[in-house]
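> One file is attached below, final.txt, containing compact mmCIF, C-alpha atoms.
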# COMPACT_ATOMS: atom_id res chain seq x y z
CA MET A 1 -20.13 -192.84 152.13
CA SER A 2 -20.63 -189.83 154.33
CA ARG A 3 -18.67 -186.69 153.72
CA LYS A 4 -15.56 -186.21 155.82
CA PRO A 5 -15.46 -183.18 158.12
CA VAL A 6 -13.43 -180.44 156.45
CA ASN A 7 -10.57 -180.61 158.94
CA LYS A 8 -10.12 -184.33 158.28
CA LEU A 9 -9.48 -183.77 154.59
CA ARG A 10 -5.91 -183.54 153.43
CA THR A 11 -5.03 -180.07 152.28
CA ASP A 12 -4.81 -181.05 148.65
CA GLU A 13 -8.15 -182.81 148.86
CA SER A 14 -10.39 -180.06 147.66
CA ARG A 15 -11.90 -178.38 144.68
CA ASP A 16 -9.33 -175.63 145.10
CA ALA A 17 -6.65 -178.21 144.34
CA ILE A 18 -8.45 -179.35 141.17
CA TRP A 19 -8.86 -175.78 140.00
CA ALA A 20 -5.24 -174.91 140.78
CA LEU A 21 -4.11 -177.92 138.79
CA ILE A 22 -6.33 -177.08 135.82
CA ARG A 23 -4.84 -173.58 135.72
CA GLU A 24 -1.30 -174.80 136.13
CA VAL A 25 -1.38 -177.36 133.33
CA LYS A 26 -2.41 -174.88 130.60
CA GLY A 27 -3.41 -177.71 128.31
CA GLU A 28 -5.72 -180.64 127.99
CA LEU A 29 -6.44 -182.79 131.02
CA THR A 30 -8.07 -186.10 131.70
CA LEU A 31 -10.03 -187.17 134.71
CA ARG A 32 -7.37 -189.70 135.51
CA SER A 33 -4.50 -187.22 135.40
CA ILE A 34 -6.32 -184.96 137.85
CA GLN A 35 -7.09 -187.90 140.11
CA GLN A 36 -3.46 -188.90 140.17
CA GLU A 37 -2.22 -185.41 141.00
CA THR A 38 -4.80 -184.55 143.62
CA HIS A 39 -5.46 -187.99 145.16
CA LEU A 40 -9.17 -187.34 144.99
CA GLY A 41 -11.90 -189.86 144.35
CA ARG A 42 -13.13 -190.40 140.81
CA ASP A 43 -16.65 -189.22 141.60
CA THR A 44 -15.43 -186.09 143.35
CA VAL A 45 -13.34 -185.03 140.39
CA ASN A 46 -15.97 -186.05 137.87
CA THR A 47 -18.73 -184.08 139.60
CA TYR A 48 -16.63 -180.95 139.68
CA LEU A 49 -15.45 -181.31 136.06
CA THR A 50 -19.04 -181.80 134.89
CA GLY A 51 -20.07 -178.68 136.81
CA LEU A 52 -17.21 -176.68 135.29
CA VAL A 53 -18.11 -177.84 131.78
CA ASN A 54 -21.79 -177.00 132.29
CA ALA A 55 -20.88 -173.57 133.61
CA GLY A 56 -18.63 -172.91 130.63
CA TYR A 57 -15.26 -172.85 132.41
CA LEU A 58 -14.03 -176.02 130.73
CA LYS A 59 -14.61 -177.41 127.27
CA VAL A 60 -14.62 -181.05 126.29
CA THR A 61 -12.20 -181.21 123.37
CA HIS A 62 -12.46 -184.92 122.86
CA ALA A 63 -15.45 -186.92 124.03
CA ASN A 64 -14.92 -190.31 125.53
CA GLY A 65 -14.87 -192.95 122.80
CA GLY A 66 -13.19 -196.29 122.38
CA PHE A 67 -9.85 -196.28 124.14
CA THR A 68 -9.32 -192.56 124.42
CA PRO A 69 -10.47 -190.74 127.54
CA THR A 70 -12.40 -187.47 127.62
CA LEU A 71 -10.12 -184.46 127.30
CA TYR A 72 -10.88 -181.22 129.10
CA LEU A 73 -9.51 -177.76 128.30
CA LEU A 74 -9.71 -174.57 130.34
CA VAL A 75 -11.53 -171.93 128.31
CA ARG A 76 -12.57 -169.44 130.97
CA ASP A 77 -10.03 -168.64 133.65
CA ILE A 78 -11.36 -166.47 136.47
CA GLY A 79 -8.19 -166.34 138.55
CA VAL A 80 -7.13 -168.06 141.72
CA ASP A 81 -10.55 -168.57 143.27
CA ALA A 82 -12.06 -171.90 142.24
CA PRO A 83 -15.52 -171.43 140.68
CA ARG A 84 -18.25 -172.61 143.01
CA VAL A 85 -20.58 -174.62 140.82
CA ARG A 86 -23.13 -177.38 141.20
CA LYS A 87 -23.06 -180.34 138.87
CA ASP A 88 -25.56 -178.66 136.53
CA GLY A 89 -23.32 -175.62 136.27
CA THR A 90 -25.36 -173.21 138.38
CA GLU A 91 -23.52 -171.12 140.93
CA VAL A 92 -23.34 -172.20 144.55
CA THR A 93 -24.56 -169.36 146.73
CA GLN A 94 -24.34 -171.09 150.07
CA GLY A 95 -21.89 -169.39 152.38
CA GLN A 96 -22.27 -165.99 150.73
CA GLY A 97 -23.59 -164.44 153.96
CA ARG A 98 -20.60 -165.72 155.93
CA LEU A 99 -18.24 -164.36 153.29
CA GLN A 100 -19.89 -160.95 153.47
CA MET A 101 -19.68 -160.96 157.26
CA TRP A 102 -16.01 -161.96 157.22
CA ASN A 103 -15.24 -159.16 154.76
CA THR A 104 -17.28 -156.65 156.73
CA ILE A 105 -15.65 -157.49 160.05
CA ARG A 106 -12.41 -156.29 158.56
CA VAL A 107 -13.95 -152.97 157.58
CA LEU A 108 -15.86 -152.13 160.75
CA ARG A 109 -13.54 -151.06 163.50
CA ASP A 110 -15.80 -151.74 166.42
CA PHE A 111 -19.17 -153.35 166.01
CA SER A 112 -22.15 -155.09 167.55
CA SER A 113 -23.95 -158.02 165.92
CA ARG A 114 -26.55 -155.54 164.74
CA ASP A 115 -23.91 -153.32 163.08
CA LEU A 116 -22.52 -156.36 161.37
CA ALA A 117 -25.88 -157.51 160.02
CA PHE A 118 -26.71 -153.97 158.86
CA ASN A 119 -23.43 -153.44 157.03
CA ALA A 120 -22.94 -156.93 155.63
CA SER A 121 -26.35 -157.11 153.92
CA THR A 122 -26.85 -156.40 150.26
CA ASP A 123 -29.93 -156.51 148.08
CA LEU A 124 -28.76 -159.89 146.80
CA CYS A 125 -27.90 -161.52 150.09
CA LYS A 126 -29.37 -160.38 153.36
CA VAL A 127 -27.59 -161.18 156.60
CA THR A 128 -29.92 -161.42 159.59
CA GLU A 129 -29.00 -160.30 163.07
CA SER A 130 -29.22 -163.86 164.36
CA ASP A 131 -26.79 -165.06 161.65
CA ALA A 132 -24.43 -162.31 162.74
CA LYS A 133 -24.79 -163.17 166.43
CA HIS A 134 -24.08 -166.82 165.77
CA TYR A 135 -21.00 -166.12 163.68
CA VAL A 136 -19.66 -163.49 166.07
CA TYR A 137 -20.06 -165.92 168.98
CA TYR A 138 -17.83 -168.48 167.30
CA LEU A 139 -15.28 -166.01 165.95
CA HIS A 140 -14.95 -164.54 169.43
CA ALA A 141 -14.55 -167.97 170.99
CA ALA A 142 -11.86 -168.80 168.44
CA GLY A 143 -9.92 -165.64 169.26
CA TYR A 144 -10.49 -163.74 166.00
CA LEU A 145 -12.48 -161.07 167.80
CA VAL A 146 -12.04 -159.34 171.12
CA ARG A 147 -15.01 -158.04 173.04
CA THR A 148 -14.68 -154.31 173.63
CA ARG A 149 -17.90 -153.93 175.60
CA ILE A 150 -19.86 -156.51 177.54
CA SER A 151 -23.54 -156.65 176.72
CA SER A 152 -25.91 -154.96 179.14
CA PRO A 153 -29.68 -155.03 179.38
CA THR A 154 -29.75 -151.81 177.37
CA ALA A 155 -26.98 -152.34 174.83
CA GLN A 156 -25.40 -155.11 172.77
CA ALA A 157 -21.86 -156.33 173.26
CA ARG A 158 -19.30 -154.82 170.90
CA TYR A 159 -16.41 -156.56 169.20
CA ARG A 160 -13.29 -155.79 167.24
CA LEU A 161 -11.15 -157.86 164.91
CA VAL A 162 -7.73 -158.67 166.28
CA GLY A 163 -5.56 -157.13 163.56
CA LEU A 164 -3.29 -160.07 162.90
CA LYS A 165 -6.13 -162.57 163.04
CA TRP A 166 -7.32 -161.79 159.54
CA THR A 167 -5.85 -164.93 158.10
CA GLY A 168 -7.03 -164.58 154.52
CA PRO A 169 -9.96 -164.09 152.19
CA LYS A 170 -11.89 -167.24 153.08
CA PRO A 171 -14.32 -167.05 155.98
CA PRO A 172 -13.66 -169.41 158.90
CA GLN A 173 -16.21 -172.20 158.98
CA ILE A 174 -18.25 -173.44 161.90
CA GLN A 175 -18.42 -177.20 161.91
CA ARG A 176 -21.24 -179.27 163.33
CA VAL A 177 -19.02 -180.66 166.03
CA ARG A 178 -18.80 -177.10 167.36
CA GLN A 179 -15.40 -176.15 166.24
CA VAL A 180 -14.05 -173.40 164.02
CA TYR A 181 -12.00 -174.38 161.00
CA ASP A 182 -9.93 -171.79 159.19
CA PRO A 183 -9.67 -172.62 155.46
CA ASN A 184 -6.90 -170.03 155.05
CA THR A 185 -4.48 -171.62 157.48
CA LYS A 186 -6.13 -175.02 156.98
CA GLN A 187 -6.27 -175.52 160.71
CA VAL A 188 -8.84 -175.91 163.43
CA ALA A 189 -8.85 -172.61 165.26
CA TRP A 190 -11.05 -173.63 168.17
CA THR A 191 -12.88 -176.64 169.55
CA GLU A 192 -15.58 -176.39 172.15
CA GLY A 193 -14.33 -177.53 175.54
CA VAL A 194 -10.69 -177.04 174.62
CA ASP A 195 -9.24 -173.76 175.86
CA ALA A 196 -9.64 -170.74 173.55
CA GLY A 197 -7.53 -170.68 170.42
CA GLY A 198 -6.43 -167.14 171.25
CA ASP A 199 -2.74 -167.85 171.35
CA GLU A 200 -1.26 -170.12 168.79
CA MET B 1 -30.61 -143.03 144.13
CA SER B 2 -29.77 -145.61 141.54
CA GLN B 3 -32.53 -147.41 139.73
CA ASN B 4 -30.38 -150.47 139.28
CA VAL B 5 -29.75 -151.04 142.95
CA PRO B 6 -33.00 -151.69 144.76
CA ALA B 7 -32.88 -150.45 148.31
CA VAL B 8 -33.15 -153.02 151.06
CA LYS B 9 -35.10 -151.86 154.03
CA GLY B 10 -33.19 -152.13 157.24
CA ALA B 11 -29.83 -152.46 155.59
CA VAL B 12 -26.97 -150.24 154.61
CA ALA B 13 -28.14 -150.35 150.98
CA ALA B 14 -31.04 -148.04 151.83
CA LEU B 15 -28.73 -145.13 152.64
CA GLY B 16 -28.38 -142.34 150.11
CA ASN B 17 -24.59 -142.38 149.96
CA VAL B 18 -24.54 -146.11 149.38
CA GLY B 19 -26.88 -145.59 146.45
CA LEU B 20 -24.62 -142.89 145.02
CA ALA B 21 -21.53 -145.05 145.35
CA ALA B 22 -23.31 -148.05 143.82
CA THR B 23 -24.48 -145.99 140.84
CA SER B 24 -20.94 -144.82 140.30
CA MET B 25 -19.60 -148.37 140.56
CA GLU B 26 -22.12 -149.63 138.00
CA ARG B 27 -21.08 -146.86 135.65
CA LEU B 28 -17.46 -147.99 135.95
CA ILE B 29 -18.25 -151.67 135.49
CA ASN B 30 -20.45 -151.03 132.47
CA ALA B 31 -18.21 -148.40 130.86
CA PRO B 32 -17.38 -149.16 127.22
CA SER B 33 -13.82 -150.36 126.77
CA HIS B 34 -12.54 -147.10 125.24
CA LEU B 35 -13.50 -145.15 128.37
CA PRO B 36 -11.43 -145.07 131.58
CA ARG B 37 -12.82 -146.94 134.56
CA ILE B 38 -11.64 -144.92 137.53
CA GLY B 39 -14.17 -143.43 139.94
CA VAL B 40 -13.56 -141.12 142.87
CA PHE B 41 -15.94 -141.03 145.83
CA TYR B 42 -15.06 -138.28 148.26
CA GLY B 43 -16.43 -136.36 151.21
CA ARG B 44 -15.74 -135.33 154.78
CA ALA B 45 -15.29 -137.85 157.57
CA GLY B 46 -18.33 -139.51 159.07
CA LEU B 47 -20.58 -139.48 156.02
CA GLY B 48 -20.48 -143.23 155.71
CA LYS B 49 -17.99 -143.55 152.85
CA THR B 50 -16.44 -146.62 154.35
CA SER B 51 -19.86 -148.20 154.92
CA ALA B 52 -20.54 -147.52 151.26
CA ALA B 53 -17.20 -149.11 150.33
CA CYS B 54 -18.14 -152.12 152.42
CA PHE B 55 -21.41 -152.45 150.53
CA LEU B 56 -19.65 -152.18 147.16
CA MET B 57 -17.21 -154.86 148.24
CA ASN B 58 -20.01 -157.26 149.19
CA ARG B 59 -22.37 -156.39 146.35
CA TYR B 60 -19.88 -156.32 143.46
CA ASN B 61 -17.45 -158.82 144.90
CA ALA B 62 -14.72 -156.19 144.89
CA TYR B 63 -11.30 -156.24 146.50
CA ARG B 64 -11.01 -153.44 149.03
CA ILE B 65 -7.86 -152.18 150.68
CA GLU B 66 -7.63 -149.50 153.31
CA CYS B 67 -4.44 -147.45 153.02
CA LYS B 68 -2.40 -146.52 156.06
CA SER B 69 -0.08 -143.56 156.38
CA VAL B 70 2.99 -145.76 156.83
CA TRP B 71 2.41 -147.74 153.64
CA THR B 72 5.10 -147.94 151.01
CA ARG B 73 4.68 -148.97 147.38
CA LYS B 74 5.52 -152.52 148.30
CA THR B 75 2.91 -152.65 151.07
CA VAL B 76 0.23 -151.75 148.54
CA PHE B 77 1.10 -154.86 146.53
CA VAL B 78 1.49 -157.12 149.54
CA GLU B 79 -1.83 -156.05 151.01
CA ILE B 80 -3.72 -156.57 147.76
CA LEU B 81 -2.15 -160.00 147.28
CA LYS B 82 -3.03 -160.95 150.84
CA LEU B 83 -6.60 -160.04 150.06
CA MET B 84 -6.51 -162.20 146.97
CA GLY B 85 -5.02 -165.12 148.87
CA ILE B 86 -1.96 -165.23 146.61
CA PRO B 87 1.51 -165.65 148.14
CA PRO B 88 3.47 -162.52 147.13
CA ALA B 89 6.40 -162.94 144.74
CA ALA B 90 9.83 -161.60 145.63
CA THR B 91 10.04 -158.41 143.60
CA MET B 92 7.66 -155.56 142.91
CA PRO B 93 7.43 -156.08 139.13
CA GLU B 94 6.46 -159.69 139.74
CA MET B 95 3.90 -158.65 142.32
CA LEU B 96 2.46 -156.16 139.85
CA ASP B 97 2.02 -158.98 137.35
CA GLN B 98 0.35 -161.17 139.97
CA VAL B 99 -2.11 -158.45 140.95
CA CYS B 100 -2.91 -157.46 137.38
CA ALA B 101 -3.42 -161.05 136.25
CA GLN B 102 -5.84 -161.79 139.07
CA LEU B 103 -7.81 -158.56 138.51
CA GLN B 104 -7.98 -159.13 134.79
CA LEU B 105 -9.07 -162.76 135.04
CA SER B 106 -11.53 -162.41 137.88
CA ARG B 107 -12.88 -159.08 136.55
CA ARG B 108 -13.45 -158.02 140.12
CA PRO B 109 -13.33 -154.28 140.86
CA LEU B 110 -10.70 -152.77 143.16
CA ILE B 111 -11.55 -150.24 145.86
CA ILE B 112 -8.84 -148.14 147.47
CA ASP B 113 -10.20 -146.69 150.69
CA GLU B 114 -8.47 -143.91 152.66
CA MET B 115 -6.70 -142.90 149.48
CA ASP B 116 -5.59 -139.67 151.20
CA HIS B 117 -2.87 -141.58 153.01
CA VAL B 118 -1.02 -142.45 149.85
CA VAL B 119 -1.98 -139.58 147.60
CA ALA B 120 1.10 -137.57 148.50
CA LYS B 121 3.43 -140.49 147.82
CA LYS B 122 4.74 -142.52 144.95
CA SER B 123 2.15 -145.19 145.81
CA VAL B 124 -0.21 -143.35 143.47
CA GLU B 125 2.02 -144.43 140.61
CA VAL B 126 1.68 -148.01 141.78
CA ILE B 127 -2.08 -147.76 141.73
CA ARG B 128 -1.90 -146.30 138.24
CA ASP B 129 0.32 -149.20 137.15
CA ILE B 130 -2.22 -151.65 138.51
CA TYR B 131 -4.99 -149.87 136.64
CA ASP B 132 -3.05 -149.72 133.39
CA GLY B 133 -2.07 -153.36 133.66
CA SER B 134 -5.53 -154.68 134.42
CA GLN B 135 -8.08 -152.08 133.24
CA CYS B 136 -10.15 -153.06 136.26
CA ALA B 137 -12.96 -150.91 137.58
CA LEU B 138 -11.14 -148.85 140.18
CA MET B 139 -12.82 -146.80 142.89
CA LEU B 140 -10.76 -144.34 144.91
CA ILE B 141 -12.28 -143.18 148.19
CA GLY B 142 -11.06 -140.30 150.33
CA GLU B 143 -11.70 -137.04 152.08
CA GLU B 144 -13.15 -133.97 150.42
CA ASN B 145 -9.81 -132.63 149.17
CA LEU B 146 -8.98 -135.83 147.29
CA PRO B 147 -9.91 -134.43 143.85
CA THR B 148 -7.56 -131.49 144.37
CA ALA B 149 -4.79 -133.72 145.65
CA LEU B 150 -5.16 -135.98 142.64
CA GLU B 151 -4.67 -133.07 140.24
CA LYS B 152 -0.97 -133.39 140.94
CA TRP B 153 -1.09 -136.83 139.32
CA GLU B 154 -2.23 -135.84 135.87
CA ARG B 155 -2.08 -139.36 134.53
CA VAL B 156 -4.51 -140.58 137.16
CA HIS B 157 -6.65 -137.46 137.22
CA SER B 158 -7.23 -137.55 133.49
CA ARG B 159 -8.44 -141.14 133.68
CA VAL B 160 -11.23 -140.48 136.14
CA LEU B 161 -14.61 -141.21 134.59
CA ASP B 162 -16.80 -140.42 137.52
CA TRP B 163 -16.46 -137.96 140.42
CA THR B 164 -19.04 -138.57 143.13
CA PRO B 165 -19.21 -136.36 146.22
CA ALA B 166 -20.73 -138.02 149.30
CA GLN B 167 -23.76 -136.15 150.59
CA ALA B 168 -24.77 -135.21 154.12
CA LEU B 169 -27.37 -137.65 155.42
CA ASP B 170 -30.98 -136.59 155.06
CA LEU B 171 -33.89 -137.30 157.34
CA TYR B 172 -34.84 -140.35 155.33
CA ASP B 173 -31.39 -141.83 156.02
CA ALA B 174 -31.82 -141.02 159.71
CA GLU B 175 -35.12 -142.93 159.67
CA THR B 176 -33.43 -145.94 158.07
CA LEU B 177 -30.78 -145.91 160.78
CA ALA B 178 -33.39 -145.48 163.52
CA ASP B 179 -35.43 -148.40 162.17
CA PHE B 180 -32.46 -150.63 162.40
CA TYR B 181 -30.61 -149.42 165.47
CA CYS B 182 -33.54 -148.61 167.73
CA GLN B 183 -35.62 -151.75 167.52
CA ARG B 184 -36.61 -151.82 171.16
CA VAL B 185 -37.57 -148.18 171.45
CA THR B 186 -39.57 -145.99 169.09
CA VAL B 187 -37.84 -142.68 168.50
CA GLU B 188 -40.57 -140.15 167.76
CA HIS B 189 -40.28 -137.99 164.69
CA ASP B 190 -39.57 -134.73 166.53
CA LEU B 191 -36.67 -136.28 168.43
CA LEU B 192 -35.31 -137.89 165.27
CA THR B 193 -35.41 -134.52 163.51
CA HIS B 194 -33.56 -133.05 166.48
CA ILE B 195 -30.93 -135.78 166.37
CA HIS B 196 -30.53 -135.32 162.63
CA GLY B 197 -30.11 -131.56 163.08
CA GLN B 198 -27.58 -131.91 165.87
CA SER B 199 -25.55 -134.52 164.03
CA GLY B 200 -24.73 -132.33 161.06
CA GLY B 201 -25.48 -135.03 158.49
CA SER B 202 -22.87 -137.41 159.85
CA ALA B 203 -23.85 -141.08 159.84
CA ARG B 204 -21.43 -141.83 162.63
CA ARG B 205 -22.93 -139.22 164.93
CA ILE B 206 -26.52 -140.16 164.11
CA CYS B 207 -25.76 -143.77 165.06
CA THR B 208 -24.00 -142.77 168.26
CA ASN B 209 -26.90 -140.52 169.23
CA LEU B 210 -29.53 -143.10 168.39
CA GLU B 211 -27.81 -145.61 170.63
CA LEU B 212 -27.51 -143.00 173.36
CA VAL B 213 -31.23 -142.25 173.12
CA GLN B 214 -32.20 -145.90 173.10
CA GLU B 215 -30.08 -146.68 176.14
CA GLU B 216 -31.53 -143.73 178.01
CA ALA B 217 -35.10 -144.69 177.10
CA LEU B 218 -34.55 -148.27 178.21
CA LYS B 219 -33.14 -147.07 181.50
CA LEU B 220 -36.24 -144.96 181.99
CA GLY B 221 -38.40 -147.95 181.09
CA LEU B 222 -39.95 -146.25 178.06
CA SER B 223 -40.98 -147.96 174.84
CA SER B 224 -41.04 -144.73 172.90
CA ILE B 225 -39.33 -141.42 173.40
CA ASP B 226 -40.01 -137.95 172.02
CA LEU B 227 -38.27 -134.62 172.15
CA THR B 228 -40.16 -133.42 175.24
CA THR B 229 -39.09 -136.47 177.22
CA TRP B 230 -35.53 -136.18 175.98
CA GLY B 231 -35.55 -132.51 176.96
CA ASN B 232 -32.19 -130.86 176.78
CA ARG B 233 -30.03 -133.83 177.53
CA PRO B 234 -26.88 -133.41 175.49
CA LEU B 235 -26.39 -135.18 172.19
CA TYR B 236 -23.09 -135.98 170.60
CA THR B 237 -22.45 -133.20 168.10
CA GLY B 238 -18.75 -133.61 167.60
CA ALA B 239 -18.30 -129.95 168.49
CA ALA B 240 -16.43 -130.46 171.75
CA PRO B 241 -15.93 -133.28 174.19
CA VAL B 242 -19.08 -133.60 176.28
CA ARG B 243 -18.53 -134.59 179.86
CA ASP B 244 -20.96 -136.57 181.90
CA ARG B 245 -23.37 -136.85 179.03
CA ARG B 246 -25.67 -139.23 180.84
CA SER B 247 -26.43 -136.90 183.76
CA LYS B 248 -30.01 -135.81 184.03
For this file, produce the structure as structure tokens.


Amino acid sequence: MSRKPVNKLRTDESRDAIWALIREVKGELTLRSIQQETHLGRDTVNTYLTGLVNAGYLKVTHANGGFTPTLYLLVRDIGVDAPRVRKDGTEVTQGQGRLQMWNTIRVLRDFSSRDLAFNASTDLCKVTESDAKHYVYYLHAAGYLVRTRISSPTAQARYRLVGLKWTGPKPPQIQRVRQVYDPNTKQVAWTEGVDAGGDE
Amino acid sequence: MSQNVPAVKGAVAALGNVGLAATSMERLINAPSHLPRIGVFYGRAGLGKTSAACFLMNRYNAYRIECKSVWTRKTVFVEILKLMGIPPAATMPEMLDQVCAQLQLSRRPLIIDEMDHVVAKKSVEVIRDIYDGSQCALMLIGEENLPTALEKWERVHSRVLDWTPAQALDLYDAETLADFYCQRVTVEHDLLTHIHGQSGGSARRICTNLELVQEEALKLGLSSIDLTTWGNRPLYTGAAPVRDRRSK
């Protein structure tokens, strides 16, 4: 089955919900108990649990045998942010550039795409100017940014974050259907063709 | 510059002050548990302290807040929690617990930018509480008189492991900025030296001037520009407001 677009998922349908539940329970958990609480599919939960075990966040305290299910226990709590792991336990790095841009936008008062790429890059994750341009285009369309200077043949356009539009630590996502989804408010902030999401 | 942080060409990481701040941050993160983990990074406006803070935030996955003059003790907590994506509890002691727990568990460093705004207030005590409760790597960033201002707060001052003054930008930094900001026009070395001299080591002014020069060169249809061509057109020096700076 194909993956649902992020805005079609129910708000509790995510890895964040699994992680929040694991932290809340403070004891042993089974796959089934998580499934019941989060209404997620068996495979979804299982993949994430396996990843967490392989990465050392969870420990299997009782392996599946006979009539007793596998029991999982939280052994490494890293706080509210759900660990981003693949099934083999390695860290997911996708989206790091977007995260760095989203953080950087809040720091820079007035910036061009070039400023953003320059300041958001680190030695571990480089943000290119075209990445920055792409992201800025969508954030501006969705009303997160205002344009403070129109681009001219000799200079790039400049933007500024609308103070109250910093909705939270997670970077807004651009979906393939050309709309911006905000994982902080869990809402679609803008859809192409529908008038700008500037005022909601 | 730090040996641990390899410079990236064409990115903020290549700047000297970013290297200094990163070295200091690594020292805090790797400090043995019996040593304090507070660092102070200070210097006059325009040296790129905030750019450095931005790099630290991205590179070390740190939380960074920027203090405002109107902030109260409660705002400090609320802002940090907002950054963490945690709904704030009702009272300040509860919020302190929330902040400390998240810092302790995630082991992410905390950066307090524009520390000057709160240094004269009780908010300093709040920041000390957060440090004591979490033992997180804590970087305080502010203007050049920050170390003196902190002396008043003995219990914070005595816990500082690392004092790092931000340096004026050198010519190498100016070249890094020119490489990145003037991609369509080559700024010749003599003009770059002139810009660097006129800008008084301020990153902000060097950037402004580089953009000014590039715009001017593009208007003149040039692909490279040197000091002779630039002549005595004014540069932004920050000394006094310059009127009609684009006149020939």

> What does the structure give for the distance between atom CA of Thr148 of chain B and atom CA of Ala21 of chain B, in Å to one decimal?

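A separation of 19.5 Å between them.
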
> Please determine, counting all atoms listed in the file, which residue among B:Pro93, B:Gly142, B:Pro36, B:Pro109 has the shortest atom-to-atom distance to Asp129 of chain B.

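Of all the options, B:Pro93 lies closest to Asp129 of chain B.
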
> Which is closest to Glu66 of chain B among B:Leu47, B:Met139, B:Ala31, B:Leu192, if we use all atoms listed in the file?

B:Met139

> Dig up all the protein and nucleic acid residues within 9 Å of (-24.4, -157.6, 167.9) in the file frame, using all atoms listed in the file, and format them as a count of residues only.

17

> Contacts between chain B and chain A, please, where a residue of chain A counts if it comes within 6 Å (with only C-alpha atoms); show its shortest atom pair and distance in Å to one decimal, rows by chain and ascending number, as CSV.


residue,atom,partner,partner_atom,distance
A:Ile78,CA,B:Ser106,CA,4.3
A:Gly79,CA,B:Leu105,CA,5.1
A:Gln100,CA,B:Asn58,CA,5.7
A:Phe118,CA,B:Ala11,CA,4.8
A:Asn119,CA,B:Val12,CA,5.4
A:Thr122,CA,B:Arg59,CA,5.9
A:Asp123,CA,B:Val8,CA,5.6
A:Thr154,CA,B:Glu215,CA,5.3
A:Pro169,CA,B:Leu83,CA,5.7

> Grab the atom CA of Ala166 of chain B to atom CA of Gly48 of chain B distance for me, in Å with one decimal place.

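Separation of atom CA of Ala166 of chain B and atom CA of Gly48 of chain B: 8.3 Å.
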
> Report, in Å to a single decimal, how far apart atom CA of Asp190 of chain B and atom CA of Leu227 of chain B are.

5.8 Å

> Around all of segment 111-122 of chain A's listed atoms, make the axis-aligned box with 5 Å on each side and tell me centre and edge lengths in Å to one decimal, as lines of an AutoDock Vina configuration file.


center_x = -23.0
center_y = -155.7
center_z = 158.9
size_x = 17.7
size_y = 14.7
size_z = 27.3

> Which polymer residues have any atom within 7 Å of an atom of His196 of chain B, counting all atoms listed in the file, with same-chain residues fewer than 6 positions away left out, as a PyMOL selection string?

chain B and resi 171+174+206

> Would you kindly return, as number ranges by chain, each protein, DNA or RNA residue with an atom no farther than 10 Å from any atom of Trp102 of chain A, considering all atoms listed in the file and excluding same-chain residues fewer than 6 positions away?

A: 96, 116, 120, 135-136, 139, 161, 166, 168-172

> Please provide as an MDAnalysis selection string all residues within 12 Å of Thr229 of chain B, with the sequence filter that same-chain residues fewer than 3 positions apart are discarded (counting all atoms listed in the file).

chainID B and resid 187:188 190:191 213 216:217 220 222:226 232:233 248

> Using all atoms listed in the file for the distances, tell me which of A:Arg98, A:Thr61, A:Asn46, A:Asp16 is nearest to Thr128 of chain A.

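The answer is A:Arg98, which sits nearest to Thr128 of chain A.
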
> List the neighbours of Gly56 of chain A out to 12 Å using all atoms listed in the file; skip same-chain residues closer than 3 positions along the sequence, and give me the result as an NGL selection string.

:A and (49-53 or 59-60 or 72-78 or 83 or 85 or 87-91)

> Grab the residues selected above and save them as a compact mmCIF listing (two decimals), in the frame of the given file with C-alpha atoms.


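Result file result.txt:
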# COMPACT_ATOMS: atom_id res chain seq x y z
CA LEU A 49 -15.45 -181.31 136.06
CA THR A 50 -19.04 -181.80 134.89
CA GLY A 51 -20.07 -178.68 136.81
CA LEU A 52 -17.21 -176.68 135.29
CA VAL A 53 -18.11 -177.84 131.78
CA LYS A 59 -14.61 -177.41 127.27
CA VAL A 60 -14.62 -181.05 126.29
CA TYR A 72 -10.88 -181.22 129.10
CA LEU A 73 -9.51 -177.76 128.30
CA LEU A 74 -9.71 -174.57 130.34
CA VAL A 75 -11.53 -171.93 128.31
CA ARG A 76 -12.57 -169.44 130.97
CA ASP A 77 -10.03 -168.64 133.65
CA ILE A 78 -11.36 -166.47 136.47
CA PRO A 83 -15.52 -171.43 140.68
CA VAL A 85 -20.58 -174.62 140.82
CA LYS A 87 -23.06 -180.34 138.87
CA ASP A 88 -25.56 -178.66 136.53
CA GLY A 89 -23.32 -175.62 136.27
CA THR A 90 -25.36 -173.21 138.38
CA GLU A 91 -23.52 -171.12 140.93

> So that I can check the surroundings of Ile29 of chain B, please list as number ranges by chain every protein, DNA and RNA residue that reaches within 9 Å of it, counting all atoms listed in the file and ignoring chain neighbours fewer than 2 positions away.

B: 24-27, 31-32, 37, 109, 136-138

> At most 12 Å from (-0.2, -143.0, 149.1), file frame, only C-alpha atoms: which residues, as an MDAnalysis selection string?

chainID B and resid 66:76 112:128 140 142 146 149:150 153
